[in-house]
Every structure is written in C-alpha cells, then in structure tokens.
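Contents: one structure, followed by commentary.
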Amino acid sequence: MPVPEETEKEVKAEKPQKAARPKSKAPAEEKFKKDREETLDFKKLARDERTWKIIGTVSLLISIFLFIAFISYFFTWKEDQDKVLNNDAGFLGDNEVRVSNLLGRLGAYISHFFIYRGFGIASLLFCTFFFVVGINLLFERKVFSIWRNLKYVTFGLLIASVTFAFISPSAAFPFGGRVGGMINNWLINFLGHFGTAALLLVVGASYLIWQFNPKFKMPERKPVIPREEIEFPLEEELKEEGEKRNTAPVIVPATPAVAATDVPSINDMYAEKGNSLKGEGGLIADNVVTDKENGPVFEIIERQEELELEEASEELELEELPEEEEMEEVIEEEEDVELEVESSIEEKYSGATLFIEQPKEEPVAMPEEEVVYPTLPPKVAFVPPPPPSVDLPLEIKSAEEKPAEEKDEREKGYADLPPYEPTLDLRDYKYPVIELLETHGSEKIVQDPAELEANKNQIINTLKNYDITIQKISATVGPTVTLYEIVPAAGVRISRIKNLEDDIALSLAALGIRIIAPIPGRGTIGIEVPNVKKTVVSMKTLLSSEKFANSAHSLPIAIGKKIDNENFIVDLATMPHLLMAGATGQGKSVGLNAILVSLLYKKHPSQLKFVLIDPKKVELSVYRHIERHFLAKLPGEEDAIITDTKKVINTLNALCIEMDNRYDLLKEAGARNIKEYNEKFVKRKLNPQKGHQYLPFIVLVVDEFADLIMTAGKEVEMPIARLAQLARAIGIHLIIATQRPSVNIITGTIKANFPARIAFKVSSKIDSRTILDAGGAEQLIGKGDMLISYNGEIVRLQCAFVDTPEVEKIVEFISDQRGYAQAFMLPEYVDEKELEKGGDFDSSDRDPLFEEAARLIVQNQVGSTSLIQRRMKLGYNRAGRLMDQLEAAGVVGPNQGSKAREVLIKTDADLFEYLQTLS
Ligand SMILES: Nc1ncnc2c1ncn2[C@@H]1O[C@H](COP(=O)(O)OP(=O)(O)OP(=O)(O)O)[C@@H](O)[C@H]1O
C-alpha cells in the first residue's frame with residue numbers, strides 16, 4: 001500500500017529531530033526549566049487580568065452566598081441555633097447534624113458567626129462589600145468605590161449593630177449581635193440609657209447631614225443674587241477645606257536643566273506626598289512635588305468641576321459684546337442688500353381700491369382721502385380703506401418714529417395687557433427629566449500611577465534622545481487622554497520640538513498622540529497621550545451639572561469634557577453656526593444627538609424649532625415624533641424630517657425667505673436682533689395685527705452635507721452660505737455635519753461663515769486642515785474624541801455620549817405631551833426656474849392680483865417675489881406665479897439669481913398706460 005505523500009514528509013521531518021535529541025539535551029532541559037519558572041511566576045499571575053476576574057467571580061459568589069445564608073438565618077435561626085451552639089467547631093464536620101438553613105451546615109454556621117456572634121442584622125453589609133469588590137474586579141474598572149464602601153460598611157456595622165441592640169435589649173433574636181450588645185452595654189453603663197440614645201441620635205443625624213448636606217433655611221424670601229456672587233462660597237469652601245486643587249501652576253524655584261535620569265520617580269513623589277494620589281471621591285490631589293534635588297517636577301492635576309461656574313460667567317461676559325457688534329454689522333449689511341422700502345405706506349394701502357378716472361387737462365384739487373397722481377391721463381387713485389386718513393405727501397416712517405405708533409397702540413389698550421408669555425401656548429409642557437438619561441460606566445477618571453510613570457519616563461527618554469532637556473513635567477488626566485505639560489530647559493528652542501513632532505510621536509509609539517508646541521498662553525509644550533482606560537462622558541453628567549442648569553445662554557449646548565474635566569458648555573447662538581466633520585463611525589451622530597438633546601432639555605417648544613435634514617434617512621428619524629413640538633417644515637409636506645434633495649433645496653430657500661421676513665419684522669420693530677425683537681414683543685410693544693409675532697429660534701441641522709453638495713451643488717451651497725452670512729441676528733443657526741471634509745464640500749464660502757468647527761477623527765492631515773485650518777484631527781482616537789475650534793483656539797474634548805435609547809426616551813417624553821396643532825410652518829417656496837418654464841400667459845389666465853402686484857413692483861422699483869409675498873400677504877407659490885406673469889408681460893426683467901429683477905417700467909403712469917394696452 002503506498003504511503004500518502006504528507007505522511008511520508010512527516011516521517012522524514014521527525015527523523016532528524018529524533019537523531020538530534022541526545023545532542024540537544026542541555027538546551028531542552030533549560031527550556032523545560034524556564035517554562036516551569038514561568039508557571040510559578042506569581043507576579044505575572046497577579047498581573048494577569050484573568051486572575052482578577054476569577055477573584056471577582058469568587059467575591060460575587062461569596063456575596064450571594066452570605067446574602068442567602070443570612071436571609072435564611074432570619075427564618076431558621078430558632079431551629080439551628082442550638083445545634084450550632086452545642087457542637088460549635090465540630091458542628092461543621094458532624095455529618096449527623098441536620099439544619100434548616102438553605103445553605104446547609106456551612107450557611108447555618110457562617111450566619112450564626114456573623115449575626116449571633118458578630119453584628120446582628122447589620123452583617124448584611126458584608127454582602128455589599130463582597131458584591132462591590134466582585135463587580136469591580138469582574139468589569140475591570142471602578143464601577144463602585146471600594147474604599148467608600150469599606151467606610152460605609154465599617155461605620156454601618158458599628159452604628160447599626162449598637163442601635164439594634166439598644167432598641168431590642170430583651171429580644172430573643174440577636175438583632176444587634178454580640179458585638180452590638182457588648183458596645184451597647186458598655187455605653188449604657190457609661191452614659192446611661194438616655195445618653196446612649198442621644199449619642200446614637202447625634203451620630204445618625206451627623207451622618208445624614210454629612211452625606212446629604214440638607215439645607216436648613218428659614219422660610220424667608222431669598223434675595224436675588226447674581227450668579228457670580230453665588231460662586232464665591234464654593235471657592236471659599238474649597239479654600240477652607242484646602243482642596244482647591246486646580247488653580248495656578250505651582251511656582252517652582254528656577255532650576256538648572258537636569259538630565260532626564262535625575263527626574264524623581266513618581267512613586268517617590270507619592271511617598272513624599274503621603275500617597276495623596278489615591279484620593280477618593282474624585283478628588284485626587286494635584287500632587288505638586290517640589291524639586292528634591294533640583295530635579296524636574298512632576299505634577300498631576302485634576303481639576304474640580306465646581307469651578308466651572310466662574311468660567312461660565314466670564315464666558316458670558318466675553319461673548320455678549322462681540323455678538324452685539326456682529327448684529328449691528330449684519331443689520332447694516334442686510335439693509336444695504338434689502339429693499340429700501342418704507343414700512344408704513346404699504347400697510348396703509350393694503351386693501352386699497354384702485355380707481356381709474358378719465359383724463360383731465362388740469363391738475364385737480366384732491367379730496368382729502370384720495371391720493372391722486374394727476375400728471376398724466378388717465379389718473380390712478382388709491383382710496384384707502386376707511387377709516388384711516390392719509391396725509392399728502394406720503395411719508396416714509398422710520399423705526400425712530402415707532403414710539404408714536406406704539407403710543408397709539410397703547411391708547412388702544414394693547415400695551416396695557418400683561419407681558420406676553422410665549423410658553424403659555426403649551427402651559428403644561430414639562431421639560432424632560434434627567435432620569436431619562438443614563439450614566440455610562442463610572443464617571444471617575446481612572447488614574448493608573450504606573451501608566452503615568454511609564455509615560456513620563458518615555459517622554460523624558462524620548463526627548464533626551466533628541467538632546468532636549470526639560471525642567472518640569474506635569475500631567476493632567478482627562479477622560480480620554482492625559483496631557484503632559486513640559487517646561488523645556490532654558491535655551492531649548494520650541495521650534496526644535498515642533499519640528500520633531502512626528503519623531504516624538506513615533507518614539508512614544510501610541511495611537512492618538514498629539515503634540516501642542518507651545519500650548520497657547522501657557523508657555524509649555526503639551527503632549528497628549530491616550531489613557532489605557534478611557535472614561536465615557538455621559539450626557540447625564542453634563543446636563544445635571546450646575547454650569548448647564550444655571551446657564552443663561554440663549555441656546556446652551558453641552559458638547560463634552562475638556563482634558564481638565566471641565567464641562568464644555570457653550571451658546572450656539574454666539575457660535576453662531578457649527579460645522580462638524582469626521583470620518584465614518586467616529587462619533588458625529590452621537591455629537592449631533594448630544595447637541596439636540598441639550599437644547600431639548602433647556603428650551604420650550606415655543607422658543608425653538610428644528611429643521612432637520614437627514615439624507616441618510618435614519619440618523620435623525622427618531623425626532624419625527626416631536627414634530628408638533630419642536631420641528632419646522634414646509635407647508636403641505638408630510639414628513640418633517642427632510643431626506644429628499646429637491647425638498648432640501650426648497651426648505652433652504654424657504655428658510656432664506658423666513659430670514660428675509662424676519663429682517664423686515666426686525667426693521668419695522670426697530671430691533672437689532674431677535675433678542676431685542678422678542679423682548680419688545682413680550683412687552684406688548686409690537687402689534688400682532690401688523691404681522692408681529694414671537695420668533696422662535698430655528699436650528700437647521702444637516703446630517704450629511706457632502707451628500708447634498710454632491711447631488712445639488714450650488715443650489716444647496718448658495719442658500720446655506722446666505723443663511724450662514726446673515727441669519728445669526730434673526731435667530732437661525734446652522735449645524736452642518738459631514739463625513740467627507742474635502743475642499744469641494746467645505747468650500748471657502750462655507751468655511752468663512754462657520755467660525756466654530758468640530759473635527760472628530762479624520763483619515764488624513766489634509767482633512768484636518770480643511771476643517772480646522774490645522775492638523776491634529778488625524779491623531780484623534782475616535783469614539784467621540786474631538787477637537788473644537790472655537791473663539792480662535794483649538795480645544796480637545798471628549799464628546800458627551802448619549803445613546804439612541806436615551807434619545808428615544810426623551811422624544812417619547814416630549815411627544816406624549818400636548819403639542820401644537822401642527823409643525824411650525826416655514827414660508828412656501830417655489831423654484832422660480834420651474835415657474836419660468838411656464839412661458840407666456842394668456843391674459844385671461846392672469847392672476848386677479850396681477851395689476852396690484854405690478855403697481856407694487858413699479859412703485860418700489862424692486863422686482864422681488866418675496867416683496868410681493870410680504871406686502872400682499874401671499875404664499876410664495878402665488879407670488880412666484882405673479883412675478884412670472886409680470887415678466888411675461890414685460891413689467892420686470894428675467895430672474896437674476898439672488899439679485900432682484902430689473903423693473904422695466906419706471907413710473908405708475910407708464911404702468912397704467914401699459915396696462916391699458918395690455919387689456
Ligand atoms: N462620545 C462618545 N463616547 C463613547 N463612545 C462613542 C462616542 N461617540 C461615538 N461613540 C461610539 O462610536 C460609535 C459610532 O458613533 P457614531 O454613530 O456617532 O459615528 P458617526 O461618525 O456618526 O458614523 P457615521 O458617519 O457612519 O454615521 C457609537 O456607536 C459609539 O459606540
């Protein structure tokens with residue numbers, strides 16, 4: 001039988017090995033020995049995560065075992081107690097003994113030991129301890145604080161056992177256990193019954209106060225304190241407790257440059273600082289270590305969140321001023337572009353009747369009510385609807401003259417009404433509650449001293465390789481990355497480090513290293529190194545922070561946490577638009593949700609509307625349920641979330657019309673921005689009968705901008721650019737996200753109008769430059785790690801995480817409440833190009849308002865569809881049709897894109913003549 005080829009080869013291959021065996025005896029033994037050593041390496045075993053997982057599992061099981069045994073003891077102690085007491089230690093080994101405890105003899109013995117001989121009912125606390133240890137080890141992170149739990153358990157065991165023993169002195173069941181009983185007896189002997197009760201009460205109350213810090217207030221009216229003032233006690237408290245840890249860097253005596261090897265080890269530093277690095281409750285000391293032997297100083301900084309308040313108010317002050325200046329500019333620009341049309345004439349004549357009289361040679365004396373243009377036959381006269389009287393000549397009222405008008409209104413009693421309250425439309429509306437959000441993992445920043453030490457050494461050694469010596473190194477541990485700040489030794493040029501950026505990153509050999517040389521305003525060089533254990537920043541933490549709760553921003557958005565763990569909460573209204581880019585799967589959608597959710601938590605449906613554009617169709621669809629509360633859409637559209645490109649173009653143009661209309665309203669009201677306008681409206685200074693209304697903010701969100709540009713190009717870019725340039729003052733803000741941050745998508749026009757930009761991880765440095773005008777976004781590590789360019793500086797943030805089920809819960813919470821009858825309606829828009837396709841019009845087809853529209857256009861000498869729409873209070877469709885007919889009739893010239901059409905007839909008289917010929 002032939003041997004199969006493979007078997008043959010194996011046989012051949014084995015032979016030389018066998019032959020060589022005696023020769024290689026020694027090495028084989030060595031190898032064997034080494035293997036054995038490895039198996040006995042306890043250190044390695046202790047470092048192996050599997051070991052800890054096993055210990056975690058055992059600990060969890062112990063906790064469950066104890067719990068069942070204890071609970072069972074409560075019911076079976078009577079039967080089992082004698083058996084345990086009689087046999088004591090031998091009880092466990094005595095197989096004859098039958099017990100009732102669910103966990104058998106062991107259960108009975110252990111629960112007897114803990115409850116009877118130990119701490120009574122309080123022994124249940126032991127279960128929590130093992131549970132906490134087990135969970136932490138199993139999940140490999142600090143889900144619960146073991147140290148804090150240990151404190152609770154110790155304190156609880158003592159207090160609870162004594163209290164139970166005190167209140168049940170003669171009970172047969174050992175409520176307080178033997179330990180509780182002993183302490184209780186001693187206390188009663190020492191303090192008497194009353195003293196013991198008082199002591200227990202004081203201890204219990206102190207614990208509650210310490211834990212929950214309840215506010216005891218006299219029922220008096222609290223004076224209104226400005227926010228800044230509220231902040232002081234916080235800082236004061238911090239000072240008092242000596243816990244103010246995040247302020248100015250510690251001044252280190254000038255030290256000569258030292259070799260990197262002289263740098264003291266981080267462990268030495270712990271020793272010096274009495275192990276203060278292992279702080280509990282999130283307060284980890286900033287371990288400033290003075291230079292023992294003139295060595296560089298390593299400092300670990302974790303900043304307090306509470307101090308955000310102070311910065312928030314500074315932020316406010318800084319932001320408000322530029323905003324107003326910008327607003328002025330915008331209004332001026334808009335006034336240049338916009339029609340310089342009087343505001344009052346048209347209103348007076350809306351509804352006027354057109355009379356055409358026979359020609360007369362001489363100018364005639366006019367009756368008071370009539371305005372007559374007598375120059376040429378025939379005359380065109382407008383008779384205003386009664387009762388208002390019209391003075392000749394007609395005057396254009398400016399915004400300054402408004403008070404007189406307002407006074408009239410006041411006389412009519414309108415202004416005497418109480419201030420308008422926009423939220424009354426939906427007075428029962430409840431803002432989403434914080435419980436709808438979840439905490440994702442432990443919010444505690446995990447600091448691994450060994451990791452810090454290793455990174456520090458690696459940085460120092462790497463720099464040393466390039467002959468760069470340093471004076472001081474400090475670390476700030478953030479949720480995703482740790483920032484190592486380096487002060488180079490005197491004489492080291494920063495440009496040198498900057499040039500070595502890539503080499504240093506390579507030498508540190510970790511993904512996501514970013515070098516900031518120098519950190520603006522700090523005079524240090526920053527190296528951001530990703531943490532091994534990253535912390536998820538939950539949206540819940542941000543939204544429940546005081547900074548967010550007290551924020552006075554118009555549109556507060558909580559984006560994430562900075563490296564120093566400060567919550568990054570900004571005002572979208574001052575941004576005023578936001579561009580987001582990042583490769584797929586890096587956290588854009590989560591980021592968009594975080595922004596939308598922040599706004600939903602802070603705004604009433606009457607104050608805010610979203611226009612949601614989602615070409616991907618699935619990302620924003622969850623919000624469709626809040627259509628009647630928070631969404632805006634085009635009239636006649638079924639779906640409020642826009643997915644179709646054609647509809648996107650119409651919506652964007654409708655927003656442009658809304659913008660124009662709003663500017664008109666602002667102009668008439670003499671307000672410079674939406675805030676001023678709404679304030680006036682609320683104070684009843686603007687009459688709704690004249691078209692005034694409370695203006696909600698509109699936030700336009702585009703989830704995949706690249707897709708739109710690819711399919712519609714300029715048609716999308718133009719309205720977006722126009723909105724971005726002009727819409728900030730009238731409360732329309734844009735958030736645009738894109739996966740492909742290339743220059744043909746994020747064009748110069750777009751970029752120029754989006755000063756605030758967010759970059760999630762991108763695939764190349766070029767993309768990063770396209771978004772931020774700087775590199776760095778390609779070095780990010782994904783999962784919400786982001787850079788935001790805001791107010792001229794680039795900040796690294798960990799984006800807040802909000803999961804889709806959380807968003808669904810919030811949306812459901814809102815949609816379950818009473819909403820408006822329909823979504824907020826945007827003005828109607830019809831593509832003028834499509835109307836043009838209509839061609840000539842038959843005179844019989846002419847719109848009944850054709851002549852009125854012609855007169856309006858000729859009087860104003862502006863060929864604009866939106867003018868017809870506004871003045872004649874028509875929908876955009878009809879206004880567009882009218883404009884088309886006017887063009888066909890030769891009253892106006894062809895469409896000139898964003899510019900108004902040329903008006904071919906210059907005077908009313910010419911128009912009249914012309915109309916005569918037409919008919
Ligand atoms: N801030 C965050 N914190 C933690 N994990 C995050 C965060 N943001 C995103 N992730 C993780 O990254 C995944 C992808 O995020 P997301 O869906 O937002 O990406 P994307 O950029 O919108 O992708 P695409 O462009 O393909 O829609 C999420 O499912 C989540 O697991």
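Chain labels run A, B, ... following the order of the structure tokens; each chain numbers its residues from 1, and ligands are numbered from 1 in the order shown.
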All residues 12 Å or closer to Met182 in chain A, only C-alpha atoms, same chain fewer than 6 positions away omitted, as JSON, numbers by chain: {"A": [117, 118, 119, 120, 158, 161, 162, 163, 164, 165, 166, 169, 174, 176, 188, 189]}
Test item, strand (DSSP E or B) assignment across range 689-737 of chain A, answer as a ChimeraX atom specification: /A:697-702,732-737
File of the preceding selection, C-alpha atoms, as a short mmCIF file (atom, residue, chain, number, x, y, z; two decimals), in the first residue's frame:
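As a result, selection-v3.cif now contains:
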```
data_model
loop_
_atom_site.label_atom_id
_atom_site.label_comp_id
_atom_site.auth_asym_id
_atom_site.auth_seq_id
_atom_site.Cartn_x
_atom_site.Cartn_y
_atom_site.Cartn_z
CA PHE A 697 -35.00 80.22 17.34
CA ILE A 698 -34.59 77.96 14.35
CA VAL A 699 -31.76 75.45 14.33
CA LEU A 700 -31.05 73.86 10.99
CA VAL A 701 -29.30 70.51 11.26
CA VAL A 702 -27.83 68.87 8.18
CA ILE A 732 -31.45 80.96 12.62
CA HIS A 733 -28.44 78.81 13.40
CA LEU A 734 -26.88 76.08 11.31
CA ILE A 735 -25.26 72.83 12.36
CA ILE A 736 -23.75 71.02 9.45
CA ALA A 737 -22.13 67.62 9.67
#
```
Cut-off 7 Å, only C-alpha atoms and all ligand atoms, neighbours of ligand 1 as a ChimeraX atom specification: /A:536-537,582-591,739,783-785,798-801
Write out as a CSV table (one decimal) with N, CA and C atoms, in the first residue's frame all residues of range 675-805 of chain A that backbone DSSP assigns to alpha helix (DSSP H).
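File written: states.csv
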```
chain,number,residue,atom,x,y,z
A,675,LYS,N,-33.3,88.9,20.0
A,675,LYS,CA,-33.5,89.0,21.4
A,675,LYS,C,-34.3,90.3,21.7
A,676,GLU,N,-33.8,91.4,21.1
A,676,GLU,CA,-34.4,92.7,21.3
A,676,GLU,C,-35.9,92.6,20.8
A,677,TYR,N,-36.0,92.0,19.6
A,677,TYR,CA,-37.3,91.9,19.0
A,677,TYR,C,-38.3,91.2,19.9
A,678,ASN,N,-37.9,90.1,20.4
A,678,ASN,CA,-38.8,89.3,21.2
A,678,ASN,C,-39.0,90.0,22.6
A,679,GLU,N,-38.0,90.7,23.1
A,679,GLU,CA,-38.3,91.5,24.3
A,679,GLU,C,-39.4,92.5,24.1
A,680,LYS,N,-39.3,93.2,22.9
A,680,LYS,CA,-40.3,94.2,22.6
A,680,LYS,C,-41.7,93.5,22.5
A,681,PHE,N,-41.7,92.4,21.8
A,681,PHE,CA,-43.0,91.7,21.6
A,681,PHE,C,-43.6,91.3,22.9
A,682,VAL,N,-42.7,90.8,23.8
A,682,VAL,CA,-43.2,90.3,25.1
A,682,VAL,C,-43.7,91.5,25.9
A,705,PHE,N,-23.8,66.6,4.8
A,705,PHE,CA,-23.7,67.8,3.9
A,705,PHE,C,-23.1,67.4,2.6
A,706,ALA,N,-22.1,66.5,2.7
A,706,ALA,CA,-21.3,66.1,1.5
A,706,ALA,C,-22.3,65.5,0.5
A,707,ASP,N,-23.2,64.7,0.9
A,707,ASP,CA,-24.2,64.1,0.1
A,707,ASP,C,-25.0,65.1,-0.7
A,708,LEU,N,-25.4,66.1,0.0
A,708,LEU,CA,-26.2,67.2,-0.6
A,708,LEU,C,-25.4,68.0,-1.7
A,709,ILE,N,-24.2,68.3,-1.3
A,709,ILE,CA,-23.3,69.0,-2.3
A,709,ILE,C,-23.1,68.2,-3.5
A,710,MET,N,-22.9,66.9,-3.3
A,710,MET,CA,-22.6,66.0,-4.5
A,710,MET,C,-23.9,66.0,-5.4
A,711,THR,N,-25.1,66.0,-4.8
A,711,THR,CA,-26.2,65.9,-5.6
A,711,THR,C,-26.8,67.2,-6.1
A,712,ALA,N,-26.6,68.2,-5.3
A,712,ALA,CA,-27.3,69.5,-5.7
A,712,ALA,C,-26.3,70.7,-5.9
A,714,LYS,N,-24.3,73.9,-6.1
A,714,LYS,CA,-24.5,75.3,-5.8
A,714,LYS,C,-25.9,75.6,-5.3
A,715,GLU,N,-26.9,74.8,-5.8
A,715,GLU,CA,-28.3,75.0,-5.3
A,715,GLU,C,-28.4,74.9,-3.8
A,716,VAL,N,-27.6,74.1,-3.2
A,716,VAL,CA,-27.6,73.9,-1.8
A,716,VAL,C,-26.6,74.9,-1.1
A,717,GLU,N,-25.5,75.0,-1.8
A,717,GLU,CA,-24.4,75.8,-1.2
A,717,GLU,C,-24.8,77.3,-1.1
A,718,MET,N,-25.5,77.8,-2.1
A,718,MET,CA,-25.9,79.2,-2.1
A,718,MET,C,-26.8,79.6,-0.9
A,719,PRO,N,-27.9,78.9,-0.8
A,719,PRO,CA,-28.8,79.3,0.4
A,719,PRO,C,-28.1,79.1,1.7
A,720,ILE,N,-27.3,78.0,1.8
A,720,ILE,CA,-26.6,77.7,3.1
A,720,ILE,C,-25.6,78.9,3.4
A,721,ALA,N,-24.9,79.3,2.3
A,721,ALA,CA,-23.9,80.4,2.5
A,721,ALA,C,-24.7,81.7,2.9
A,722,ARG,N,-25.8,81.9,2.3
A,722,ARG,CA,-26.6,83.1,2.6
A,722,ARG,C,-27.1,83.1,4.0
A,723,LEU,N,-27.6,81.9,4.4
A,723,LEU,CA,-28.1,81.8,5.8
A,723,LEU,C,-26.9,82.0,6.8
A,724,ALA,N,-25.8,81.4,6.4
A,724,ALA,CA,-24.7,81.4,7.4
A,724,ALA,C,-24.2,82.9,7.5
A,725,GLN,N,-24.3,83.6,6.4
A,725,GLN,CA,-23.8,85.0,6.5
A,725,GLN,C,-24.7,85.9,7.3
A,726,LEU,N,-26.0,85.7,7.1
A,726,LEU,CA,-27.0,86.7,7.6
A,726,LEU,C,-27.9,86.2,8.7
A,748,GLY,N,-14.6,77.6,0.6
A,748,GLY,CA,-14.2,78.8,1.3
A,748,GLY,C,-15.4,79.6,1.8
A,749,THR,N,-16.4,79.7,1.0
A,749,THR,CA,-17.6,80.4,1.4
A,749,THR,C,-18.2,79.8,2.7
A,750,ILE,N,-18.3,78.5,2.7
A,750,ILE,CA,-18.9,77.9,3.9
A,750,ILE,C,-18.0,78.1,5.1
A,751,LYS,N,-16.7,77.8,4.9
A,751,LYS,CA,-15.8,77.9,6.0
A,751,LYS,C,-15.8,79.3,6.6
A,752,ALA,N,-15.8,80.3,5.7
A,752,ALA,CA,-15.7,81.7,6.2
A,752,ALA,C,-16.8,82.0,7.1
A,765,LYS,N,-4.2,64.3,7.4
A,765,LYS,CA,-3.9,65.6,7.9
A,765,LYS,C,-4.5,66.7,7.0
A,766,ILE,N,-4.7,66.4,5.8
A,766,ILE,CA,-5.3,67.3,4.8
A,766,ILE,C,-6.7,67.6,5.2
A,767,ASP,N,-7.4,66.5,5.6
A,767,ASP,CA,-8.8,66.7,6.0
A,767,ASP,C,-8.9,67.5,7.3
A,768,SER,N,-7.9,67.3,8.2
A,768,SER,CA,-7.9,68.0,9.4
A,768,SER,C,-7.7,69.5,9.1
A,769,ARG,N,-6.8,69.8,8.2
A,769,ARG,CA,-6.5,71.2,7.8
A,769,ARG,C,-7.8,71.8,7.2
A,770,THR,N,-8.5,71.0,6.4
A,770,THR,CA,-9.7,71.5,5.7
A,770,THR,C,-10.7,72.0,6.8
A,771,ILE,N,-10.8,71.2,7.8
A,771,ILE,CA,-11.8,71.6,8.8
A,771,ILE,C,-11.3,72.6,9.8
A,772,LEU,N,-10.1,72.4,10.3
A,772,LEU,CA,-9.7,73.2,11.5
A,772,LEU,C,-8.7,74.3,11.1
A,804,THR,N,-28.9,56.0,21.6
A,804,THR,CA,-30.2,56.1,20.9
A,804,THR,C,-31.4,55.8,21.8
A,805,PRO,N,-31.3,54.7,22.6
A,805,PRO,CA,-32.5,54.5,23.5
A,805,PRO,C,-32.8,55.7,24.4
```
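Near range 615-624 of chain A, within a cut-off of 7 Å and counting only C-alpha atoms, sit the residues Ser589, Glu627, Ala640, Ile641, Thr643, Asp644, Glu704, Glu808 and Val811 of chain A, with same-chain residues fewer than 3 positions away left out.
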Using only C-alpha atoms: which of A:Leu483, A:Val84, A:Leu886, A:Ile55 has the shortest distance to Gly104 in chain A: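 Checking each candidate against Gly104 in chain A, we get A:Val84 as the closest.
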Who sits within 9 Å of Glu140 in chain A, only C-alpha atoms, same chain under 5 positions skipped, as a PyMOL selection string: chain A and resi 49+52-53+135
Near Ile110 in chain A, counting only C-alpha atoms, which residues have an atom at most 12 Å away, once you skip same-chain residues fewer than 6 positions from it, shown as a PDB file with C-alpha atoms, in the first residue's frame?
```pdb
ATOM      1  CA  ILE A  62     -19.389  34.900  48.420  1.00  0.00           C
ATOM      2  CA  PHE A  65     -23.814  33.014  49.467  1.00  0.00           C
ATOM      3  CA  LEU A  66     -23.737  35.280  52.502  1.00  0.00           C
ATOM      4  CA  PHE A  67     -26.917  37.007  51.441  1.00  0.00           C
ATOM      5  CA  ILE A  68     -28.860  33.769  51.039  1.00  0.00           C
ATOM      6  CA  ALA A  69     -27.432  32.331  54.252  1.00  0.00           C
ATOM      7  CA  PHE A  70     -28.286  35.456  56.258  1.00  0.00           C
ATOM      8  CA  ILE A  71     -31.791  35.779  54.874  1.00  0.00           C
ATOM      9  CA  SER A  72     -32.348  32.086  55.528  1.00  0.00           C
ATOM     10  CA  TYR A  73     -30.991  32.512  59.075  1.00  0.00           C
ATOM     11  CA  TRP A  77     -32.304  30.595  63.486  1.00  0.00           C
ATOM     12  CA  ASP A  80     -30.422  25.852  64.003  1.00  0.00           C
ATOM     13  CA  GLN A  81     -29.108  27.907  66.887  1.00  0.00           C
ATOM     14  CA  VAL A  84     -24.527  25.257  66.273  1.00  0.00           C
ATOM     15  CA  ASP A  88     -19.567  24.702  67.918  1.00  0.00           C
ATOM     16  CA  ALA A  89     -16.460  23.986  65.830  1.00  0.00           C
ATOM     17  CA  PHE A  91     -20.574  21.236  64.013  1.00  0.00           C
ATOM     18  CA  LEU A  92     -19.199  21.654  60.524  1.00  0.00           C
ATOM     19  CA  ASN A 101     -30.663  26.891  56.721  1.00  0.00           C
ATOM     20  CA  LEU A 103     -27.219  26.693  52.599  1.00  0.00           C
ATOM     21  CA  GLY A 104     -26.820  23.781  54.941  1.00  0.00           C
ATOM     22  CA  TYR A 116     -25.178  35.960  66.512  1.00  0.00           C
ATOM     23  CA  ARG A 117     -21.569  36.411  67.407  1.00  0.00           C
ATOM     24  CA  GLY A 118     -20.956  39.463  65.246  1.00  0.00           C
ATOM     25  CA  SER A 123     -23.998  41.810  58.989  1.00  0.00           C
ATOM     26  CA  PHE A 126     -20.737  42.316  54.425  1.00  0.00           C
TER      27      PHE A 126
END
```
Top pick for closest residue to Arg50 in chain A, considering A:Phe754, A:Tyr601, A:Phe139, A:Tyr207 and counting only C-alpha atoms: A:Phe139
Can you tell me which residues surround Val570 in chain A at a distance of at most 9 Å, considering only C-alpha atoms, apart from same-chain residues fewer than 3 positions away, and format the answer as a JSON list (two decimals) with C-alpha atoms, in the first residue's frame?
```json
[["chain", "number", "residue", "atom", "x", "y", "z"],
["A", 312, "ALA", "CA", -19.02, 80.21, 32.66],
["A", 315, "GLU", "CA", -17.52, 83.29, 29.08],
["A", 551, "SER", "CA", -26.56, 78.66, 32.08],
["A", 553, "HIS", "CA", -27.19, 81.14, 27.22],
["A", 555, "LEU", "CA", -29.10, 78.11, 23.11],
["A", 556, "PRO", "CA", -26.89, 76.23, 25.56],
["A", 557, "ILE", "CA", -25.26, 73.14, 24.18],
["A", 558, "ALA", "CA", -23.30, 70.67, 26.26],
["A", 559, "ILE", "CA", -20.72, 69.13, 23.99],
["A", 573, "ALA", "CA", -26.40, 81.48, 19.42],
["A", 574, "THR", "CA", -22.96, 83.06, 19.73],
["A", 575, "MET", "CA", -21.10, 80.43, 17.75]]
```
Could you make a table, as a tab-separated table, of the residues of range 765-861 of chain A that have an atom within 6 Å of an atom of range 508-529 of chain A, each with its nearest atom pair and distance in Å to one decimal, counting only C-alpha atoms, in chain and number order?
```
residue	atom	partner	partner_atom	distance
A:Gln779	CA	A:Gly512	CA	4.5
A:Leu780	CA	A:Gly512	CA	4.9
A:Ile781	CA	A:Gly512	CA	5.2
```
